[in-house]
>>> print(open('model.txt').read())   # compact mmCIF, C-alpha atoms and all ligand atoms
# COMPACT_ATOMS: atom_id res chain seq x y z
CA MET P 504 -80.56 -241.51 68.53
CA SER P 505 -79.68 -243.54 71.55
CA ASP P 506 -79.77 -247.18 72.43
CA GLU P 507 -78.85 -249.04 75.59
CA LYS P 508 -75.12 -249.16 74.80
CA ASN P 509 -74.89 -245.62 73.47
CA PRO P 510 -76.97 -243.33 75.59
CA LYS P 511 -74.94 -240.29 74.57
CA SER P 512 -75.28 -238.13 71.51
CA ASP P 513 -71.58 -237.73 70.86
CA PRO P 514 -69.90 -240.79 72.37
CA LYS P 515 -66.18 -241.49 72.54
CA CYS P 516 -64.63 -244.86 73.24
CA GLY P 517 -61.05 -246.10 73.30
CA VAL P 518 -58.56 -248.46 74.82
CA VAL P 519 -55.77 -247.65 77.27
CA ALA P 520 -53.24 -250.33 78.16
CA VAL P 521 -51.60 -250.05 81.56
CA ILE P 522 -48.19 -251.68 81.59
CA GLY P 523 -45.37 -251.79 84.09
CA ALA P 524 -43.21 -253.97 86.27
CA PRO P 525 -44.84 -256.37 88.72
CA ASN P 526 -46.18 -254.56 91.78
CA ALA P 527 -46.07 -251.09 90.20
CA GLY P 528 -49.72 -250.62 91.19
CA LYS P 529 -51.42 -251.28 87.85
CA SER P 530 -54.46 -253.03 89.30
CA THR P 531 -54.83 -250.37 91.99
CA LEU P 532 -54.75 -247.65 89.31
CA VAL P 533 -57.31 -249.43 87.12
CA ASN P 534 -59.62 -249.83 90.11
CA GLN P 535 -59.20 -246.15 90.97
CA LEU P 536 -59.92 -245.02 87.40
CA VAL P 537 -63.00 -247.24 87.19
CA GLY P 538 -64.14 -246.10 90.62
CA GLN P 539 -64.64 -249.60 91.96
CA LYS P 540 -62.77 -252.81 92.37
CA VAL P 541 -62.42 -254.80 89.17
CA ALA P 542 -58.98 -256.29 89.69
CA ILE P 543 -57.46 -257.88 92.74
CA THR P 544 -54.36 -256.33 94.22
CA SER P 545 -51.78 -257.53 96.67
CA ALA P 546 -48.37 -256.73 98.06
CA LYS P 547 -47.10 -259.91 96.39
CA ALA P 548 -45.71 -259.25 92.91
CA GLN P 549 -47.36 -260.85 89.89
CA THR P 550 -50.85 -260.89 91.31
CA THR P 551 -52.47 -260.11 87.97
CA ARG P 552 -52.02 -263.19 85.84
CA ALA P 553 -54.30 -262.73 82.89
CA ARG P 554 -55.23 -259.55 81.10
CA LEU P 555 -58.17 -257.97 82.80
CA MET P 556 -60.25 -255.11 81.62
CA GLY P 557 -61.73 -252.31 83.62
CA ILE P 558 -64.23 -249.96 82.06
CA ALA P 559 -64.19 -246.33 83.19
CA LEU P 560 -66.78 -243.74 82.26
CA HIS P 561 -66.52 -239.98 82.13
CA GLY P 562 -69.36 -238.01 80.62
CA GLU P 563 -69.74 -239.20 77.08
CA THR P 564 -66.51 -241.19 77.12
CA GLN P 565 -65.92 -244.86 77.79
CA ILE P 566 -62.32 -245.85 78.50
CA ILE P 567 -61.50 -249.53 78.26
CA LEU P 568 -58.52 -250.07 80.52
CA VAL P 569 -56.44 -253.15 79.96
CA ASP P 570 -54.76 -254.14 83.20
CA THR P 571 -51.84 -256.29 82.10
CA PRO P 572 -49.71 -258.71 84.08
CA GLY P 573 -46.42 -257.15 85.16
CA ILE P 574 -43.68 -257.30 82.56
CA PHE P 575 -40.55 -258.99 83.81
CA ALA P 576 -37.89 -261.47 82.72
CA PRO P 577 -39.81 -264.72 82.25
CA ARG P 578 -38.56 -268.10 83.46
CA ARG P 579 -41.39 -270.62 83.55
CA LYS P 580 -44.03 -271.23 80.89
CA LEU P 581 -46.57 -269.45 83.06
CA ASP P 582 -44.27 -266.43 83.27
CA ARG P 583 -43.75 -266.35 79.51
CA ALA P 584 -47.48 -266.57 78.88
CA MET P 585 -48.05 -263.66 81.26
CA VAL P 586 -45.51 -261.41 79.56
CA THR P 587 -46.87 -262.23 76.10
CA SER P 588 -50.34 -261.51 77.37
CA ALA P 589 -49.21 -258.12 78.70
CA TRP P 590 -47.80 -256.98 75.37
CA GLU P 591 -50.83 -258.29 73.49
CA GLY P 592 -52.93 -256.16 75.79
CA ALA P 593 -51.14 -253.09 74.46
CA GLU P 594 -51.86 -253.91 70.82
CA ASP P 595 -54.29 -251.54 69.12
CA ALA P 596 -54.51 -249.40 72.24
CA ASP P 597 -55.20 -245.69 71.77
CA ALA P 598 -52.66 -244.99 74.47
CA ILE P 599 -50.21 -246.87 76.65
CA VAL P 600 -49.67 -245.85 80.24
CA LEU P 601 -46.30 -246.90 81.62
CA LEU P 602 -46.77 -247.08 85.36
CA VAL P 603 -43.65 -246.87 87.50
CA ASP P 604 -43.13 -247.48 91.19
CA PRO P 605 -40.43 -244.90 91.99
CA ILE P 606 -39.61 -246.53 95.31
CA LYS P 607 -38.97 -250.11 94.28
CA GLN P 608 -38.20 -249.66 90.61
CA ARG P 609 -34.76 -250.89 89.68
CA ARG P 610 -33.12 -249.06 86.78
CA HIS P 611 -31.90 -252.17 84.97
CA GLU P 612 -35.46 -253.53 84.93
CA MET P 613 -36.78 -250.35 83.33
CA ILE P 614 -34.42 -250.30 80.37
CA PRO P 615 -35.80 -253.30 78.39
CA LEU P 616 -39.33 -252.09 79.07
CA VAL P 617 -38.66 -248.59 77.77
CA GLU P 618 -36.74 -249.98 74.79
CA ALA P 619 -39.66 -252.24 73.88
CA LEU P 620 -42.01 -249.28 74.25
CA MET P 621 -39.89 -247.12 71.93
CA LYS P 622 -40.64 -249.43 69.04
CA ARG P 623 -44.38 -249.16 69.50
CA PRO P 624 -46.54 -246.71 67.59
CA GLU P 625 -49.12 -246.00 70.32
CA ARG P 626 -49.13 -242.73 72.30
CA LYS P 627 -47.21 -243.14 75.51
CA ILE P 628 -47.86 -241.58 78.89
CA LEU P 629 -45.53 -241.90 81.84
CA VAL P 630 -47.17 -242.20 85.23
CA LEU P 631 -45.11 -242.22 88.39
CA ASN P 632 -47.11 -243.86 91.13
CA LYS P 633 -46.99 -243.97 94.94
CA VAL P 634 -46.33 -240.25 95.41
CA ASP P 635 -47.84 -240.66 98.89
CA LYS P 636 -44.64 -242.50 99.85
CA ALA P 637 -41.99 -241.33 97.41
CA VAL P 638 -39.32 -238.75 98.22
CA LYS P 639 -39.55 -235.75 95.90
CA GLU P 640 -35.99 -235.32 94.57
CA PRO P 641 -35.32 -238.93 93.53
CA LEU P 642 -38.85 -239.03 92.09
CA LEU P 643 -38.17 -236.04 89.86
CA ALA P 644 -34.76 -237.41 88.89
CA LEU P 645 -36.33 -240.71 87.83
CA ALA P 646 -38.99 -238.88 85.79
CA GLN P 647 -36.24 -236.90 84.09
CA GLU P 648 -34.21 -240.01 83.36
CA LEU P 649 -37.17 -241.81 81.81
CA THR P 650 -38.24 -238.84 79.72
CA ASP P 651 -34.66 -238.52 78.46
CA MET P 652 -34.86 -242.13 77.29
CA LEU P 653 -38.23 -241.82 75.62
CA ALA P 654 -40.29 -238.81 74.55
CA PHE P 655 -43.45 -239.49 76.53
CA GLU P 656 -46.38 -237.32 75.53
CA GLU P 657 -47.22 -236.49 79.12
CA VAL P 658 -45.93 -237.22 82.60
CA TYR P 659 -48.21 -237.60 85.63
CA PHE P 660 -47.47 -238.08 89.31
CA VAL P 661 -50.19 -239.98 91.12
CA SER P 662 -51.06 -242.09 94.10
CA ALA P 663 -53.23 -244.91 92.81
CA LEU P 664 -53.90 -245.79 96.42
CA THR P 665 -55.24 -242.44 97.66
CA GLY P 666 -56.45 -241.22 94.26
CA ASP P 667 -54.18 -238.17 94.35
CA GLY P 668 -53.59 -236.94 90.78
CA VAL P 669 -55.76 -239.67 89.25
CA ASP P 670 -58.55 -237.29 88.14
CA GLU P 671 -56.06 -235.23 86.13
CA LEU P 672 -54.74 -238.39 84.50
CA LYS P 673 -58.27 -239.53 83.75
CA ASP P 674 -59.15 -236.16 82.17
CA HIS P 675 -56.14 -236.49 79.91
CA LEU P 676 -57.01 -240.05 78.91
CA VAL P 677 -60.54 -238.90 78.11
CA SER P 678 -59.12 -236.24 75.80
CA LEU P 679 -57.20 -238.92 73.88
CA MET P 680 -60.14 -241.21 73.22
CA PRO P 681 -61.45 -241.27 69.65
CA LYS P 682 -65.04 -240.64 68.70
CA GLY P 683 -67.01 -243.84 68.53
CA VAL P 684 -69.82 -245.82 70.03
CA TRP P 685 -69.38 -247.41 73.43
CA HIS P 686 -68.30 -251.03 73.29
CA TYR P 687 -69.92 -251.99 76.57
CA PRO P 688 -73.17 -251.17 78.33
CA GLU P 689 -73.08 -248.33 80.84
CA ASP P 690 -73.31 -250.60 83.88
CA GLN P 691 -70.51 -252.98 82.93
CA VAL P 692 -67.26 -252.34 84.80
CA SER P 693 -65.14 -255.30 83.76
CA ASP P 694 -64.91 -258.21 81.34
CA ALA P 695 -64.11 -260.83 83.94
CA SER P 696 -66.65 -263.60 83.96
CA GLU P 697 -68.25 -264.19 87.32
CA ARG P 698 -66.61 -267.59 87.43
CA LEU P 699 -63.14 -266.09 86.93
CA LEU P 700 -63.84 -263.23 89.32
CA ALA P 701 -64.82 -265.79 91.95
CA THR P 702 -61.46 -267.57 91.68
CA GLU P 703 -59.62 -264.24 91.75
CA ILE P 704 -61.39 -263.25 94.97
CA THR P 705 -60.38 -266.53 96.62
CA ARG P 706 -56.81 -266.05 95.40
CA GLU P 707 -56.73 -262.58 96.90
CA GLN P 708 -57.79 -263.99 100.29
CA LEU P 709 -55.23 -266.76 99.99
CA TYR P 710 -52.49 -264.15 99.59
CA LYS P 711 -53.93 -261.86 102.23
CA GLN P 712 -54.33 -264.44 104.93
CA LEU P 713 -51.19 -266.48 104.34
CA HIS P 714 -48.91 -263.47 103.81
CA GLU P 715 -45.39 -264.65 103.13
CA GLU P 716 -46.05 -268.25 104.16
CA LEU P 717 -47.40 -269.36 100.85
CA PRO P 718 -45.17 -268.78 97.85
CA TYR P 719 -46.40 -267.51 94.52
CA ASP P 720 -46.57 -271.19 93.63
CA SER P 721 -50.31 -271.63 94.03
CA ALA P 722 -53.45 -271.33 91.94
CA VAL P 723 -57.19 -271.34 92.39
CA ARG P 724 -59.13 -273.38 89.82
CA PRO P 725 -62.84 -273.22 89.20
CA GLU P 726 -64.61 -276.57 89.44
CA SER P 727 -68.24 -275.61 89.19
CA TYR P 728 -70.41 -272.51 89.29
CA THR P 729 -74.10 -273.23 89.61
CA GLN P 730 -77.02 -270.84 89.85
CA LYS P 731 -79.57 -272.28 92.26
CA LYS P 732 -83.33 -271.94 91.97
CA ASP P 733 -83.50 -270.10 95.32
CA GLY P 734 -81.40 -267.24 93.84
CA SER P 735 -78.13 -268.29 95.43
CA VAL P 736 -75.03 -269.51 93.66
CA GLU P 737 -72.94 -272.57 94.52
CA VAL P 738 -69.25 -272.23 93.77
CA ARG P 739 -66.72 -275.05 94.02
CA GLN P 740 -63.02 -274.32 93.71
CA GLN P 741 -59.71 -276.09 94.07
CA ILE P 742 -56.67 -274.49 95.62
CA VAL P 743 -53.63 -275.99 93.92
CA VAL P 744 -50.27 -275.89 95.66
CA GLY P 745 -46.90 -277.02 94.33
CA ARG P 746 -45.71 -279.10 97.28
CA GLU P 747 -47.16 -281.53 99.81
CA SER P 748 -45.64 -279.45 102.63
CA GLN P 749 -47.80 -276.47 101.60
CA LYS P 750 -51.07 -278.31 102.05
CA PRO P 751 -51.17 -278.09 105.87
CA ILE P 752 -50.34 -274.36 105.61
CA VAL P 753 -53.45 -273.73 103.53
CA LEU P 754 -55.61 -276.00 105.69
CA GLY P 755 -54.43 -274.54 109.00
CA LYS P 756 -54.97 -276.13 112.40
CA GLY P 757 -58.09 -278.26 112.26
CA GLY P 758 -58.97 -276.67 108.91
CA SER P 759 -59.16 -273.20 110.47
CA MET P 760 -57.18 -271.42 107.74
CA ILE P 761 -59.12 -272.70 104.75
CA LYS P 762 -62.31 -271.98 106.65
CA SER P 763 -61.28 -268.41 107.26
CA ILE P 764 -60.18 -267.93 103.62
CA GLY P 765 -63.48 -269.39 102.43
CA GLU P 766 -65.53 -267.21 104.78
CA ALA P 767 -63.88 -263.96 103.69
CA ALA P 768 -64.01 -264.89 99.98
CA ARG P 769 -67.65 -265.96 100.24
CA LYS P 770 -68.58 -262.68 101.92
CA GLU P 771 -66.83 -260.55 99.33
CA LEU P 772 -68.15 -262.54 96.37
CA SER P 773 -71.63 -262.31 97.77
CA GLU P 774 -71.29 -258.51 97.99
CA VAL P 775 -69.90 -258.22 94.47
CA LEU P 776 -72.60 -260.44 92.96
CA GLY P 777 -75.42 -259.18 95.14
CA GLN P 778 -76.38 -262.82 95.68
CA LYS P 779 -76.13 -265.39 98.43
CA VAL P 780 -73.04 -267.56 97.82
CA HIS P 781 -72.15 -271.08 98.96
CA LEU P 782 -68.42 -271.54 98.50
CA PHE P 783 -66.66 -274.91 98.77
CA LEU P 784 -62.86 -275.03 98.72
CA HIS P 785 -60.46 -277.91 98.76
CA VAL P 786 -56.70 -278.24 98.42
CA LYS P 787 -54.84 -280.29 95.86
CA VAL P 788 -51.09 -280.84 95.45
CA ASP P 789 -49.80 -280.68 91.89
CA GLU P 790 -46.07 -280.13 91.50
CA ASN P 791 -46.34 -279.25 87.84
CA TRP P 792 -49.35 -276.99 87.78
CA ALA P 793 -47.32 -274.05 86.42
CA GLU P 794 -46.69 -276.11 83.27
CA ASP P 795 -50.33 -277.17 82.85
CA LYS P 796 -52.06 -275.90 79.70
CA GLU P 797 -55.55 -276.37 81.10
CA ILE P 798 -54.85 -274.18 84.12
CA PHE P 799 -53.57 -271.37 81.88
CA GLU P 800 -56.65 -271.49 79.74
CA GLU P 801 -58.84 -271.19 82.80
CA MET P 802 -56.90 -268.04 83.68
CA GLY P 803 -57.52 -266.64 80.22
CA LEU P 804 -53.88 -267.02 79.14
CA ASP P 805 -52.58 -268.62 75.95
CA PHE P 806 -50.05 -271.38 76.35
N1 LIG P 901 -48.31 -246.44 99.06
C1 LIG P 901 -48.86 -246.81 97.91
N2 LIG P 901 -49.02 -248.12 97.63
C2 LIG P 901 -49.60 -248.45 96.45
C3 LIG P 901 -50.02 -247.46 95.51
N3 LIG P 901 -50.52 -248.10 94.43
C4 LIG P 901 -50.44 -249.42 94.69
N4 LIG P 901 -49.88 -249.63 95.89
C5 LIG P 901 -49.60 -250.93 96.55
O1 LIG P 901 -48.66 -251.64 95.76
C6 LIG P 901 -48.93 -253.04 95.80
C7 LIG P 901 -49.07 -253.58 94.39
O2 LIG P 901 -50.24 -253.04 93.79
P1 LIG P 901 -51.02 -253.78 92.59
O3 LIG P 901 -52.05 -252.84 92.13
O4 LIG P 901 -51.40 -255.18 92.98
O5 LIG P 901 -49.83 -253.85 91.55
P2 LIG P 901 -49.78 -254.48 90.09
O6 LIG P 901 -48.86 -253.61 89.31
O7 LIG P 901 -51.15 -254.70 89.55
O8 LIG P 901 -49.06 -255.84 90.40
P3 LIG P 901 -48.96 -257.19 89.53
O9 LIG P 901 -50.32 -257.78 89.56
O10 LIG P 901 -47.96 -257.94 90.33
O11 LIG P 901 -48.46 -256.86 88.16
C8 LIG P 901 -50.19 -253.20 96.64
O12 LIG P 901 -49.79 -253.52 97.97
C9 LIG P 901 -50.82 -251.83 96.59
O13 LIG P 901 -51.63 -251.53 97.71
C10 LIG P 901 -49.83 -246.06 95.86
O14 LIG P 901 -50.17 -245.14 95.13
N5 LIG P 901 -49.24 -245.82 97.07
>>> encode(input="model.txt", output="structure tokens", more="lines below")
Ligand SMILES: Nc1nc2c(ncn2[C@@H]2O[C@H](COP(=O)(O)OP(=O)(O)OP(=O)(O)O)[C@@H](O)[C@H]2O)c(=O)[nH]1
Amino acid sequence: MSDEKNPKSDPKCGVVAVIGAPNAGKSTLVNQLVGQKVAITSAKAQTTRARLMGIALHGETQIILVDTPGIFAPRRKLDRAMVTSAWEGAEDADAIVLLVDPIKQRRHEMIPLVEALMKRPERKILVLNKVDKAVKEPLLALAQELTDMLAFEEVYFVSALTGDGVDELKDHLVSLMPKGVWHYPEDQVSDASERLLATEITREQLYKQLHEELPYDSAVRPESYTQKKDGSVEVRQQIVVGRESQKPIVLGKGGSMIKSIGEAARKELSEVLGQKVHLFLHVKVDENWAEDKEIFEEMGLDF
């Protein structure tokens, strides 16, 4: 028997949570495992704010990958909500992947993470990322240190960026997935709504084009998302910054920066949706946005 969701005779389906410090490469790894971009990535830490899911397929197996926000010591309400969201993402998972950046990882940051992991019942896999850049001896020493702290089931060395070692990791994850019907249709690669994905794509451009100029203190809010009769979609979004002085940075000279951000985001969104997109952006200053319940909910976070 087969239906649309379960085209295979002997399907397997399970959940893998990917956790790690901010910037470890979690989103890059999820994208690589899925085989296409489902999560935005950036060199700026804490890019992933809400839990996002990527869905990877391999033969008869569907792996639901939960890309969690980086786990770190929280300060603001937004930070606390992100960390809670990350651990919730690991609940009921069939396996947890702890992803580590061996280059930037600071030991004292790893200890609370590993200690929290020790208490959890799920199977744990250690993945050391960025092997394309890491030096071999310290990399092996770090792997040893972490496996001394916690008996990981397996240890993998990968480059989420180049894909090196990722197939082996994927094969192992496939072997851990329980028998069961697929939870999602074959062509679905993520659970992000198009509306949320659209704001994430703008946020990625905001980070990309403003580099270090714009602090982490900014958000993109959806205002409207309207399907037009001619087959195009009209998207209106607000870029929220924390200080008045940041507004001209986002606007650029004569509005050139916001125009360029909008152009690039519109192009990418149009490619992802396979539809013509009209994107309208404007900037708003709100000093307290990181304490605003409504903004969290839009991001899929609990307050
Ligand atoms: N050289 C190298 N860079 C990588 C690799 N994997 C990820 N990166 C880079 O590391 C940075 C962070 O990657 P992300 O995937 O956004 O990291 P993340 O863990 O999802 O980050 P948060 O959203 O902050 O939690 C980006 O600049 C990536 O391009 C890798 O294997 N090698």
>>> atom_distance(input="model.txt", atom1="CA of Val684 in chain P", atom2="CA of Val569 in chain P")
18.2 Å
>>> residues_around(input="model.txt", residues="Ala767 in chain P", least_positions_apart="5", cutoff="9 Å", atoms="all atoms listed in the file", output="ChimeraX atom specification")
/P:705,708,762,772
>>> closest_residue(input="model.txt", among="P:Phe655, P:Trp685, P:Tyr728, P:Phe660", to="ligand LIG 901 (chain P)", atoms="only C-alpha atoms and all ligand atoms")
P:Phe660
>>> closest_residue(input="model.txt", among="P:Glu707, P:Glu737, P:Glu656, P:Glu618", to="ligand LIG 901 (chain P)", atoms="only C-alpha atoms and all ligand atoms")
P:Glu707
>>> closest_residue(input="model.txt", among="P:Gly683, P:Gly757, P:Gly734, P:Pro751", to="Glu716 in chain P", atoms="only C-alpha atoms")
P:Pro751
>>> residues_around(input="model.txt", residues="range 668-678 of chain P", least_positions_apart="2", cutoff="7 Å", atoms="all atoms listed in the file", output="MDAnalysis selection string")
chainID P and resid 536 564 659:663 666 680
>>> residues_around(input="model.txt", residues="Ile606 in chain P", least_positions_apart="3", cutoff="12 Å", atoms="all atoms listed in the file", output="MDAnalysis selection string")
chainID P and resid 526:528 603 609:610 631:643 645
>>> write_last_selection(input="model.txt", atoms="C-alpha atoms", output="PDB file, in the frame of the given file")
ATOM      1  CA  ASN P 526     -46.180-254.560  91.780  1.00  0.00           C
ATOM      2  CA  ALA P 527     -46.070-251.090  90.200  1.00  0.00           C
ATOM      3  CA  GLY P 528     -49.720-250.620  91.190  1.00  0.00           C
ATOM      4  CA  VAL P 603     -43.650-246.870  87.500  1.00  0.00           C
ATOM      5  CA  ARG P 609     -34.760-250.890  89.680  1.00  0.00           C
ATOM      6  CA  ARG P 610     -33.120-249.060  86.780  1.00  0.00           C
ATOM      7  CA  LEU P 631     -45.110-242.220  88.390  1.00  0.00           C
ATOM      8  CA  ASN P 632     -47.110-243.860  91.130  1.00  0.00           C
ATOM      9  CA  LYS P 633     -46.990-243.970  94.940  1.00  0.00           C
ATOM     10  CA  VAL P 634     -46.330-240.250  95.410  1.00  0.00           C
ATOM     11  CA  ASP P 635     -47.840-240.660  98.890  1.00  0.00           C
ATOM     12  CA  LYS P 636     -44.640-242.500  99.850  1.00  0.00           C
ATOM     13  CA  ALA P 637     -41.990-241.330  97.410  1.00  0.00           C
ATOM     14  CA  VAL P 638     -39.320-238.750  98.220  1.00  0.00           C
ATOM     15  CA  LYS P 639     -39.550-235.750  95.900  1.00  0.00           C
ATOM     16  CA  GLU P 640     -35.990-235.320  94.570  1.00  0.00           C
ATOM     17  CA  PRO P 641     -35.320-238.930  93.530  1.00  0.00           C
ATOM     18  CA  LEU P 642     -38.850-239.030  92.090  1.00  0.00           C
ATOM     19  CA  LEU P 643     -38.170-236.040  89.860  1.00  0.00           C
ATOM     20  CA  LEU P 645     -36.330-240.710  87.830  1.00  0.00           C
TER      21      LEU P 645
END
>>> atom_distance(input="model.txt", atom1="CA of Asp733 in chain P", atom2="CA of Lys779 in chain P")
9.3 Å
>>> closest_residue(input="model.txt", among="P:Val521, P:Ile566, P:Ala701, P:Ile614", to="ligand LIG 901 (chain P)", atoms="all atoms listed in the file")
P:Val521
